[in-house]
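*Asks:* What follows is the file structure20.txt, containing compact mmCIF, C-alpha atoms:
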# COMPACT_ATOMS: atom_id res chain seq x y z
CA MET J 1 -151.69 103.30 -9.53
CA ILE J 2 -149.72 104.11 -12.62
CA ASN J 3 -146.34 104.39 -10.97
CA ASN J 4 -145.65 102.17 -7.98
CA LYS J 5 -141.86 102.51 -8.20
CA LEU J 6 -139.46 104.01 -5.70
CA PRO J 7 -135.67 104.21 -5.32
CA ILE J 8 -133.76 101.81 -3.06
CA SER J 9 -130.40 102.23 -1.43
CA LEU J 10 -127.97 100.07 0.53
CA SER J 11 -126.99 101.06 4.05
CA ASN J 12 -123.47 99.97 4.83
CA ARG J 13 -122.58 99.44 8.49
CA HIS J 14 -122.69 102.72 10.41
CA LEU J 15 -123.51 104.21 13.78
CA HIS J 16 -125.38 107.10 15.35
CA LEU J 17 -123.90 108.47 18.59
CA LYS J 18 -125.36 110.32 21.54
CA LYS J 19 -123.48 113.40 22.74
CA GLU J 20 -121.99 111.70 25.83
CA HIS J 21 -120.49 109.00 23.59
CA ILE J 22 -119.09 111.54 21.11
CA ASP J 23 -117.38 113.18 24.10
CA LEU J 24 -115.90 109.86 25.28
CA LEU J 25 -114.75 108.72 21.83
CA PHE J 26 -113.56 112.03 20.34
CA GLY J 27 -113.08 114.43 23.27
CA LEU J 28 -115.23 116.75 25.40
CA ASP J 29 -117.69 118.87 23.38
CA TYR J 30 -116.30 117.51 20.11
CA GLU J 31 -118.42 118.38 17.08
CA LEU J 32 -118.79 115.88 14.20
CA THR J 33 -117.52 117.08 10.81
CA LYS J 34 -119.98 116.75 7.93
CA MET J 35 -118.54 114.82 4.96
CA LYS J 36 -121.72 114.67 2.86
CA ASP J 37 -125.46 115.01 3.16
CA LEU J 38 -127.57 111.85 3.08
CA SER J 39 -130.88 111.49 1.29
CA GLN J 40 -132.92 111.99 4.45
CA PRO J 41 -133.04 115.75 5.18
CA GLY J 42 -130.68 116.86 7.99
CA GLN J 43 -128.83 113.52 8.13
CA TYR J 44 -125.19 113.38 7.10
CA ALA J 45 -122.19 111.08 6.87
CA ALA J 46 -119.46 112.43 9.15
CA MET J 47 -115.72 112.36 8.54
CA GLU J 48 -115.32 110.46 11.83
CA LYS J 49 -114.86 106.69 12.00
CA VAL J 50 -114.55 104.24 14.89
CA ASP J 51 -113.66 100.59 15.41
CA LEU J 52 -116.25 98.02 16.56
CA VAL J 53 -115.02 95.22 18.82
CA GLY J 54 -117.01 92.04 19.43
CA ARG J 55 -116.28 88.82 21.31
CA LYS J 56 -114.73 87.24 18.22
CA GLY J 57 -113.51 89.98 15.92
CA VAL J 58 -113.02 93.64 15.09
CA ILE J 59 -114.37 95.81 12.27
CA LYS J 60 -112.25 98.88 11.73
CA GLY J 61 -113.18 102.24 10.28
CA VAL J 62 -116.95 102.25 10.70
CA ARG J 63 -118.59 105.51 9.60
CA VAL J 64 -120.36 107.77 12.12
CA LEU J 65 -123.54 109.49 10.90
CA GLY J 66 -124.72 112.82 12.25
CA PRO J 67 -126.27 114.67 13.88
CA ALA J 68 -126.05 113.27 17.44
CA ARG J 69 -129.09 111.27 18.60
CA ASN J 70 -130.66 110.61 22.00
CA LYS J 71 -129.44 107.00 21.97
CA THR J 72 -126.36 105.44 20.39
CA GLN J 73 -127.37 102.97 17.66
CA VAL J 74 -125.01 100.73 15.68
CA GLU J 75 -126.40 99.20 12.45
CA ILE J 76 -124.53 96.21 11.04
CA SER J 77 -125.27 93.30 8.71
CA LYS J 78 -125.65 89.61 9.58
CA THR J 79 -122.30 89.07 7.86
CA ASP J 80 -120.76 91.66 10.22
CA SER J 81 -122.38 90.00 13.24
CA PHE J 82 -120.59 86.73 12.37
CA VAL J 83 -117.27 88.60 12.11
CA LEU J 84 -117.84 90.29 15.47
CA GLY J 85 -119.27 87.18 17.12
CA ILE J 86 -122.41 88.83 18.48
CA GLU J 87 -126.04 87.77 18.23
CA THR J 88 -127.80 90.75 16.70
CA PRO J 89 -131.58 91.02 16.41
CA VAL J 90 -133.54 92.58 13.54
CA ARG J 91 -135.05 95.80 14.88
CA ASP J 92 -136.67 98.99 13.69
CA SER J 93 -134.54 102.08 14.26
CA GLY J 94 -134.82 103.25 17.89
CA ASP J 95 -136.10 99.92 19.22
CA LEU J 96 -132.95 99.02 21.12
CA ASP J 97 -133.96 97.40 24.44
CA GLY J 98 -132.30 94.00 24.71
CA SER J 99 -130.42 94.39 21.43
CA ALA J 100 -126.75 93.41 21.10
CA GLY J 101 -123.77 95.09 22.75
CA LEU J 102 -120.13 95.65 21.79
CA LYS J 103 -117.19 97.95 22.43
CA ILE J 104 -116.60 101.09 20.35
CA ILE J 105 -113.06 102.45 20.11
CA GLY J 106 -112.48 106.06 19.06
CA PRO J 107 -109.31 108.18 18.88
CA LYS J 108 -109.76 109.54 22.43
CA GLY J 109 -111.47 106.72 24.29
CA GLU J 110 -113.81 103.74 24.38
CA VAL J 111 -117.47 103.07 25.03
CA VAL J 112 -118.88 99.72 26.11
CA LEU J 113 -122.45 99.46 24.83
CA GLU J 114 -124.79 97.16 26.73
CA ASP J 115 -127.26 97.40 23.87
CA GLY J 116 -127.84 99.47 20.75
CA VAL J 117 -126.50 97.11 18.08
CA ILE J 118 -129.11 95.96 15.54
CA LEU J 119 -129.71 94.57 12.09
CA ALA J 120 -131.91 97.38 10.79
CA ALA J 121 -135.27 96.05 9.59
CA ARG J 122 -135.78 96.93 5.93
CA HIS J 123 -138.01 99.97 5.62
CA ILE J 124 -139.25 102.73 3.37
CA HIS J 125 -139.04 106.42 4.17
CA MET J 126 -141.97 108.29 2.66
CA HIS J 127 -142.99 111.90 2.64
CA THR J 128 -146.67 112.39 3.50
CA GLU J 129 -147.41 113.19 -0.14
CA ASP J 130 -145.70 109.97 -1.32
CA ALA J 131 -147.79 107.94 1.12
CA LYS J 132 -150.95 109.44 -0.38
CA ARG J 133 -149.75 108.60 -3.87
CA PHE J 134 -148.95 104.98 -2.92
CA GLY J 135 -152.14 104.69 -0.86
CA VAL J 136 -150.33 103.53 2.28
CA THR J 137 -150.12 104.81 5.85
CA ASP J 138 -147.42 105.09 8.51
CA LYS J 139 -146.35 101.69 9.94
CA GLN J 140 -148.09 99.74 7.17
CA VAL J 141 -146.20 96.61 6.13
CA VAL J 142 -145.80 96.07 2.37
CA ARG J 143 -143.81 93.92 -0.04
CA ILE J 144 -141.13 95.22 -2.39
CA LYS J 145 -140.11 93.56 -5.65
CA THR J 146 -136.70 94.10 -7.21
CA SER J 147 -135.78 93.30 -10.80
CA GLY J 148 -132.89 91.65 -12.63
CA GLU J 149 -131.45 88.14 -12.71
CA ARG J 150 -131.40 87.89 -8.93
CA ALA J 151 -134.82 89.47 -8.45
CA ILE J 152 -136.26 89.18 -4.95
CA ILE J 153 -139.52 90.06 -3.26
CA PHE J 154 -138.84 91.44 0.20
CA GLU J 155 -141.68 90.62 2.60
CA ASN J 156 -142.32 92.54 5.85
CA VAL J 157 -141.18 95.97 4.66
CA LEU J 158 -142.17 98.71 7.10
CA VAL J 159 -143.46 102.00 5.71
CA ARG J 160 -142.51 105.07 7.73
CA VAL J 161 -144.32 108.26 6.82
CA ASN J 162 -143.17 111.70 7.92
CA PRO J 163 -143.30 115.16 6.32
CA SER J 164 -139.52 115.38 6.88
CA TYR J 165 -138.76 112.18 4.95
CA SER J 166 -137.59 111.75 1.38
CA LEU J 167 -138.90 108.75 -0.61
CA GLU J 168 -136.42 105.85 -0.38
CA MET J 169 -136.23 102.20 0.65
CA HIS J 170 -133.29 101.12 2.78
CA VAL J 171 -131.83 97.63 2.93
CA ASP J 172 -128.56 96.44 4.41
CA VAL J 173 -125.57 95.19 2.44
CA ASP J 174 -126.52 91.50 2.70
CA GLU J 175 -129.97 92.23 1.32
CA GLY J 176 -128.58 94.49 -1.38
CA ASN J 177 -125.96 91.98 -2.52
CA ALA J 178 -128.46 89.11 -2.45
CA ALA J 179 -130.56 90.98 -5.02
CA LEU J 180 -127.56 92.61 -6.79
CA ILE J 181 -129.00 96.03 -6.06
CA ASN J 182 -127.23 99.25 -6.97
CA ASN J 183 -128.06 102.47 -5.18
CA TYR J 184 -130.99 104.34 -6.74
CA ASP J 185 -132.31 101.28 -8.57
CA LEU J 186 -136.09 101.45 -8.80
CA VAL J 187 -138.16 98.82 -7.00
CA GLU J 188 -141.87 98.08 -7.04
CA LEU J 189 -144.21 98.44 -4.07
CA ILE J 190 -146.79 95.65 -3.69
CA LYS J 191 -149.56 96.10 -1.13
CA MET M 1 -149.81 69.44 -3.43
CA ILE M 2 -149.94 68.84 0.32
CA ASN M 3 -146.25 69.39 1.00
CA ASN M 4 -144.40 71.91 -1.14
CA LYS M 5 -141.53 72.34 1.32
CA LEU M 6 -137.87 71.55 0.85
CA PRO M 7 -134.65 72.16 2.80
CA ILE M 8 -132.32 75.06 1.97
CA SER M 9 -128.64 75.45 2.67
CA LEU M 10 -126.04 78.19 2.40
CA SER M 11 -122.98 77.66 0.22
CA ASN M 12 -120.00 79.52 1.61
CA ARG M 13 -117.24 80.49 -0.84
CA HIS M 14 -115.52 77.37 -2.21
CA LEU M 15 -113.86 75.97 -5.29
CA HIS M 16 -113.78 72.86 -7.45
CA LEU M 17 -110.42 72.04 -9.06
CA LYS M 18 -109.43 70.12 -12.17
CA LYS M 19 -106.63 67.60 -11.78
CA GLU M 20 -103.98 69.76 -13.49
CA HIS M 21 -104.69 72.56 -11.02
CA ILE M 22 -104.56 70.21 -8.02
CA ASP M 23 -101.12 69.16 -9.28
CA LEU M 24 -99.97 72.78 -9.58
CA LEU M 25 -101.35 73.90 -6.22
CA PHE M 26 -100.62 70.83 -4.07
CA GLY M 27 -98.00 68.78 -5.96
CA LEU M 28 -97.95 66.21 -8.76
CA ASP M 29 -100.64 63.50 -8.45
CA TYR M 30 -101.76 64.90 -5.11
CA GLU M 31 -105.05 63.41 -3.86
CA LEU M 32 -107.55 65.58 -1.99
CA THR M 33 -108.32 64.46 1.57
CA LYS M 34 -112.00 64.09 2.41
CA MET M 35 -113.05 66.06 5.49
CA LYS M 36 -116.79 65.41 5.29
CA ASP M 37 -119.45 64.33 2.85
CA LEU M 38 -121.79 66.97 1.43
CA SER M 39 -125.50 66.50 0.88
CA GLN M 40 -125.11 65.79 -2.85
CA PRO M 41 -123.98 62.14 -3.21
CA GLY M 42 -120.26 61.74 -3.98
CA GLN M 43 -119.41 65.38 -3.24
CA TYR M 44 -117.24 66.22 -0.27
CA ALA M 45 -115.51 69.08 1.53
CA ALA M 46 -111.76 68.48 1.41
CA MET M 47 -109.24 69.29 4.12
CA GLU M 48 -107.37 71.46 1.60
CA LYS M 49 -107.67 75.22 1.45
CA VAL M 50 -106.23 77.87 -0.88
CA ASP M 51 -105.97 81.65 -1.01
CA LEU M 52 -107.83 83.69 -3.64
CA VAL M 53 -106.10 86.83 -4.92
CA GLY M 54 -107.94 89.56 -6.84
CA ARG M 55 -106.93 92.99 -8.13
CA LYS M 56 -107.89 94.64 -4.86
CA GLY M 57 -107.73 92.07 -2.08
CA VAL M 58 -107.08 88.54 -0.86
CA ILE M 59 -109.38 85.97 0.75
CA LYS M 60 -107.42 83.37 2.66
CA GLY M 61 -108.29 79.78 3.51
CA VAL M 62 -110.99 79.03 0.95
CA ARG M 63 -112.25 75.45 1.07
CA VAL M 64 -111.65 73.03 -1.83
CA LEU M 65 -114.50 70.62 -2.62
CA GLY M 66 -113.93 67.20 -4.14
CA PRO M 67 -113.78 65.18 -6.26
CA ALA M 68 -111.79 66.83 -9.08
CA ARG M 69 -113.88 68.23 -11.95
CA ASN M 70 -113.22 68.79 -15.64
CA LYS M 71 -113.03 72.55 -15.15
CA THR M 72 -111.90 74.61 -12.20
CA GLN M 73 -114.79 76.64 -10.77
CA VAL M 74 -114.62 79.19 -7.96
CA GLU M 75 -117.91 80.17 -6.30
CA ILE M 76 -117.91 83.38 -4.28
CA SER M 77 -120.47 85.92 -3.05
CA LYS M 78 -121.02 89.48 -4.24
CA THR M 79 -119.53 90.59 -0.91
CA ASP M 80 -116.41 88.55 -1.71
CA SER M 81 -116.22 90.03 -5.21
CA PHE M 82 -116.03 93.54 -3.68
CA VAL M 83 -113.21 92.38 -1.37
CA LEU M 84 -111.30 90.84 -4.28
CA GLY M 85 -112.09 93.69 -6.66
CA ILE M 86 -113.38 91.52 -9.51
CA GLU M 87 -116.58 91.81 -11.53
CA THR M 88 -118.23 88.43 -11.13
CA PRO M 89 -121.29 87.36 -13.13
CA VAL M 90 -124.19 85.24 -11.87
CA ARG M 91 -123.90 81.87 -13.62
CA ASP M 92 -125.20 78.33 -13.41
CA SER M 93 -122.58 75.78 -12.38
CA GLY M 94 -120.40 74.83 -15.35
CA ASP M 95 -121.29 77.91 -17.45
CA LEU M 96 -117.90 79.57 -17.15
CA ASP M 97 -117.05 81.16 -20.54
CA GLY M 98 -116.29 84.83 -20.00
CA SER M 99 -116.71 84.63 -16.23
CA ALA M 100 -114.24 86.32 -13.87
CA GLY M 101 -110.60 85.40 -13.28
CA LEU M 102 -108.24 85.56 -10.32
CA LYS M 103 -105.09 83.96 -8.91
CA ILE M 104 -105.23 80.88 -6.67
CA ILE M 105 -102.33 80.25 -4.27
CA GLY M 106 -101.75 76.79 -2.85
CA PRO M 107 -98.99 75.36 -0.67
CA LYS M 108 -96.94 74.17 -3.66
CA GLY M 109 -97.74 76.69 -6.38
CA GLU M 110 -100.10 79.12 -8.05
CA VAL M 111 -102.73 79.07 -10.79
CA VAL M 112 -103.86 82.12 -12.75
CA LEU M 113 -107.44 81.55 -13.85
CA GLU M 114 -108.61 83.45 -16.94
CA ASP M 115 -112.17 82.51 -16.11
CA GLY M 116 -114.05 80.16 -13.78
CA VAL M 117 -115.09 82.57 -11.02
CA ILE M 118 -118.86 82.99 -10.61
CA LEU M 119 -121.66 83.99 -8.30
CA ALA M 120 -123.57 80.71 -8.35
CA ALA M 121 -127.15 81.22 -9.48
CA ARG M 122 -129.54 80.00 -6.80
CA HIS M 123 -130.84 76.56 -7.66
CA ILE M 124 -132.58 73.46 -6.40
CA HIS M 125 -131.17 69.94 -6.65
CA MET M 126 -133.96 67.41 -7.05
CA HIS M 127 -134.03 63.67 -7.37
CA THR M 128 -136.28 62.51 -10.22
CA GLU M 129 -138.86 61.32 -7.68
CA ASP M 130 -138.87 64.72 -5.96
CA ALA M 131 -139.48 66.44 -9.30
CA LYS M 132 -142.52 64.23 -9.86
CA ARG M 133 -143.84 65.04 -6.40
CA PHE M 134 -143.38 68.81 -6.94
CA GLY M 135 -144.70 68.57 -10.52
CA VAL M 136 -141.66 70.28 -12.05
CA THR M 137 -139.11 69.34 -14.69
CA ASP M 138 -135.38 69.80 -15.21
CA LYS M 139 -134.40 73.45 -15.93
CA GLN M 140 -137.80 74.79 -14.89
CA VAL M 141 -137.61 78.17 -13.17
CA VAL M 142 -139.63 78.52 -9.96
CA ARG M 143 -139.97 80.86 -6.99
CA ILE M 144 -139.01 80.01 -3.42
CA LYS M 145 -140.49 81.62 -0.32
CA THR M 146 -138.66 81.69 2.98
CA SER M 147 -140.24 82.40 6.36
CA GLY M 148 -139.42 84.48 9.43
CA GLU M 149 -139.07 88.18 10.12
CA ARG M 150 -136.85 88.71 7.10
CA ALA M 151 -138.90 86.50 4.78
CA ILE M 152 -138.00 86.73 1.10
CA ILE M 153 -139.34 85.32 -2.13
CA PHE M 154 -136.47 84.36 -4.41
CA GLU M 155 -137.42 84.73 -8.09
CA ASN M 156 -135.58 82.94 -10.93
CA VAL M 157 -134.70 79.73 -9.06
CA LEU M 158 -133.46 77.03 -11.41
CA VAL M 159 -134.61 73.44 -10.82
CA ARG M 160 -132.01 70.78 -11.66
CA VAL M 161 -133.31 67.21 -11.77
CA ASN M 162 -131.05 64.17 -11.74
CA PRO M 163 -131.40 60.67 -10.27
CA SER M 164 -128.09 61.27 -8.46
CA TYR M 165 -129.31 64.43 -6.69
CA SER M 166 -130.61 64.86 -3.17
CA LEU M 167 -133.42 67.37 -2.57
CA GLU M 168 -131.95 70.72 -1.50
CA MET M 169 -131.95 74.39 -2.45
CA HIS M 170 -128.63 76.21 -2.51
CA VAL M 171 -128.12 79.93 -2.00
CA ASP M 172 -124.95 81.87 -1.32
CA VAL M 173 -124.06 83.59 1.93
CA ASP M 174 -125.40 87.01 0.89
CA GLU M 175 -128.75 85.47 0.01
CA GLY M 176 -128.80 83.38 3.16
CA ASN M 177 -127.95 86.28 5.45
CA ALA M 178 -130.45 88.58 3.70
CA ALA M 179 -133.23 86.15 4.65
CA LEU M 180 -131.62 85.05 7.97
CA ILE M 181 -131.60 81.47 6.77
CA ASN M 182 -130.08 78.63 8.77
CA ASN M 183 -128.99 75.42 7.07
CA TYR M 184 -131.83 72.92 6.73
CA ASP M 185 -134.56 75.50 7.19
CA LEU M 186 -137.60 74.55 5.14
CA VAL M 187 -138.69 76.81 2.29
CA GLU M 188 -141.76 76.76 0.06
CA LEU M 189 -141.73 76.13 -3.69
CA ILE M 190 -144.09 78.34 -5.71
CA LYS M 191 -144.66 77.51 -9.36
Is it possible to give me this structure as structure tokens?

*Replies:*
Amino acid sequence: MINNKLPISLSNRHLHLKKEHIDLLFGLDYELTKMKDLSQPGQYAAMEKVDLVGRKGVIKGVRVLGPARNKTQVEISKTDSFVLGIETPVRDSGDLDGSAGLKIIGPKGEVVLEDGVILAARHIHMHTEDAKRFGVTDKQVVRIKTSGERAIIFENVLVRVNPSYSLEMHVDVDEGNAALINNYDLVELIK
Amino acid sequence: MINNKLPISLSNRHLHLKKEHIDLLFGLDYELTKMKDLSQPGQYAAMEKVDLVGRKGVIKGVRVLGPARNKTQVEISKTDSFVLGIETPVRDSGDLDGSAGLKIIGPKGEVVLEDGVILAARHIHMHTEDAKRFGVTDKQVVRIKTSGERAIIFENVLVRVNPSYSLEMHVDVDEGNAALINNYDLVELIK
């Protein structure tokens, strides 16, 4: 392959809410307000923010992403989990059974989550055409090499292929800062 | 080599002070109080803490390490540098010219540092005998592989060999959290 590079971006802490939780936090039949589109088609950062409350600490002003999902999912970093005082497992998006819980506080009410809080496993979104070009398939695990003085090779990177996806690797803030990554840096896929 | 493993540990934000700065922050001829010995012989965590003040934010209660050094050196993470609002370069210990500055506040006074603030480059301390066993020399650059679900290979790891050193790799908190490292985990040296 001539070009095995793809863009990477850092996901700061954020959450996806199901409709019932939007109602409880922001008011009945409340609609999220789009602030800006995200790189994955249809996904957006909303104007709305909430506070996360753990056993040990609070993180204020955490961004809600839209649109509403079937399950509420809170994605934080290991650093955040120390601040909150909650044991948070590494999980793929949507794999929430037995994950961590916490309390969410919104302007109109609170939600106590039994689970739904995860450290998002690093992953690559790929359009079907990108997957062909890279010679990989959905759910394949690859390695990704970054560059620069704090270069890192990330092992165990999950490839997710879908015709609705746009090519991009996502890491959390700890991973991004460890490698001194800036959004849209190019990284190298190693099979 | 049969055993290419060594222990790793996370360095949280901390600082080393020169005598003049100890005087300014804690009082004339003040002596640091040892709280506990660190793994490197002669080095210790002191009881004393200070506040770090940057352009954008403050980090309170940062641990002083002893004994006093010839130059004051503040070691923070990239995450910390965002909180403080200072551009902080990756540097080896002691290589401080043109590094970042900030204000240190102690119980008896303040110090404005023009430079001395760094992101410590990841490195391995090795006793001379360890270096022989690993087949590496002082200042050699190696790679280190961690294990677990968030396994990482750290590139550009500096080996520092000295008969006064105890075998240990040091990374900062961002790097440790990115790989979900616990202190004293074993990692693998790759030449």

*Asks:* Would you tabulate, counting only C-alpha atoms, all residues of chain M that have an atom at most 8 Å from an atom of chain J, showing the closest pair of atoms and their distance in Å to one decimal, sorted by chain then ascending number, as CSV?

*Replies:*
residue,atom,partner,partner_atom,distance
M:Lys78,CA,J:Asn177,CA,5.8
M:Thr79,CA,J:Asn177,CA,6.8
M:Val90,CA,J:Glu149,CA,7.9
M:Ala121,CA,J:Arg150,CA,7.9
M:Glu149,CA,J:Asn156,CA,6.9
M:Arg150,CA,J:Asn156,CA,6.8
M:Ala151,CA,J:Glu155,CA,5.4
M:Ile152,CA,J:Phe154,CA,4.9
M:Ile153,CA,J:Ile153,CA,4.9
M:Phe154,CA,J:Ile152,CA,4.9
M:Glu155,CA,J:Ala151,CA,5.4
M:Asn156,CA,J:Arg150,CA,6.8
M:Asp174,CA,J:Asp174,CA,5.0
M:Glu175,CA,J:Ala178,CA,4.4
M:Asn177,CA,J:Lys78,CA,5.8
M:Ala178,CA,J:Glu175,CA,4.4
M:Ala179,CA,J:Glu175,CA,7.7
M:Leu180,CA,J:Lys78,CA,7.7

*Asks:* Just write the chosen residues, C-alpha atoms, as a PDB file, keeping the file's coordinate frame.

*Replies:*
ATOM      1  CA  LYS M  78    -121.020  89.480  -4.240  1.00  0.00           C
ATOM      2  CA  THR M  79    -119.530  90.590  -0.910  1.00  0.00           C
ATOM      3  CA  VAL M  90    -124.190  85.240 -11.870  1.00  0.00           C
ATOM      4  CA  ALA M 121    -127.150  81.220  -9.480  1.00  0.00           C
ATOM      5  CA  GLU M 149    -139.070  88.180  10.120  1.00  0.00           C
ATOM      6  CA  ARG M 150    -136.850  88.710   7.100  1.00  0.00           C
ATOM      7  CA  ALA M 151    -138.900  86.500   4.780  1.00  0.00           C
ATOM      8  CA  ILE M 152    -138.000  86.730   1.100  1.00  0.00           C
ATOM      9  CA  ILE M 153    -139.340  85.320  -2.130  1.00  0.00           C
ATOM     10  CA  PHE M 154    -136.470  84.360  -4.410  1.00  0.00           C
ATOM     11  CA  GLU M 155    -137.420  84.730  -8.090  1.00  0.00           C
ATOM     12  CA  ASN M 156    -135.580  82.940 -10.930  1.00  0.00           C
ATOM     13  CA  ASP M 174    -125.400  87.010   0.890  1.00  0.00           C
ATOM     14  CA  GLU M 175    -128.750  85.470   0.010  1.00  0.00           C
ATOM     15  CA  ASN M 177    -127.950  86.280   5.450  1.00  0.00           C
ATOM     16  CA  ALA M 178    -130.450  88.580   3.700  1.00  0.00           C
ATOM     17  CA  ALA M 179    -133.230  86.150   4.650  1.00  0.00           C
ATOM     18  CA  LEU M 180    -131.620  85.050   7.970  1.00  0.00           C
TER      19      LEU M 180
END

*Asks:* Please report the interatomic distance between CA of Gln40 (chain M) and CA of Val161 (chain M) in Å with one decimal.

*Replies:* 12.2 Å

*Asks:* Please identify all polymer residues within 9 Å of Leu17 (chain J), counting all atoms listed in the file, omitting same-chain residues fewer than 6 positions from it, and present them as an mmCIF file with C-alpha atoms, in the frame of the given file.

*Replies:*
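Just written: result_18.cif:
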data_model
loop_
_atom_site.group_PDB
_atom_site.id
_atom_site.type_symbol
_atom_site.label_atom_id
_atom_site.label_comp_id
_atom_site.auth_asym_id
_atom_site.auth_seq_id
_atom_site.Cartn_x
_atom_site.Cartn_y
_atom_site.Cartn_z
ATOM 1 C CA VAL J 64 -120.360 107.770 12.120
ATOM 2 C CA LEU J 65 -123.540 109.490 10.900
ATOM 3 C CA GLY J 66 -124.720 112.820 12.250
ATOM 4 C CA PRO J 67 -126.270 114.670 13.880
ATOM 5 C CA ALA J 68 -126.050 113.270 17.440
ATOM 6 C CA ARG J 69 -129.090 111.270 18.600
ATOM 7 C CA ASN J 70 -130.660 110.610 22.000
ATOM 8 C CA LYS J 71 -129.440 107.000 21.970
ATOM 9 C CA THR J 72 -126.360 105.440 20.390
ATOM 10 C CA GLN J 73 -127.370 102.970 17.660
ATOM 11 C CA VAL J 74 -125.010 100.730 15.680
#

*Asks:* Just how far from CA of Ile8 (chain M) is CA of Thr128 (chain M), in Å to one decimal?

*Replies:*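 For CA of Thr128 (chain M) relative to CA of Ile8 (chain M), the distance reads 17.9 Å.
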
*Asks:* To one decimal place in Å, what is the distance between CA of Leu84 (chain J) and CA of Asp51 (chain J)?

*Replies:*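 Value for the CA of Leu84 (chain J)-CA of Asp51 (chain J) distance: 11.1 Å.
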
*Asks:* With a distance cut-off of 8 Å and only C-alpha atoms, select the neighbouring residues of region 137-140 of chain M, excluding the residue or stretch itself and same-chain residues fewer than 4 positions from it, and output the selection as a list in words.

*Replies:*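 These residues fall inside the cut-off: Ala131, Lys132, Leu158, Val159, Arg160, Val161 and Asn162 of chain M.
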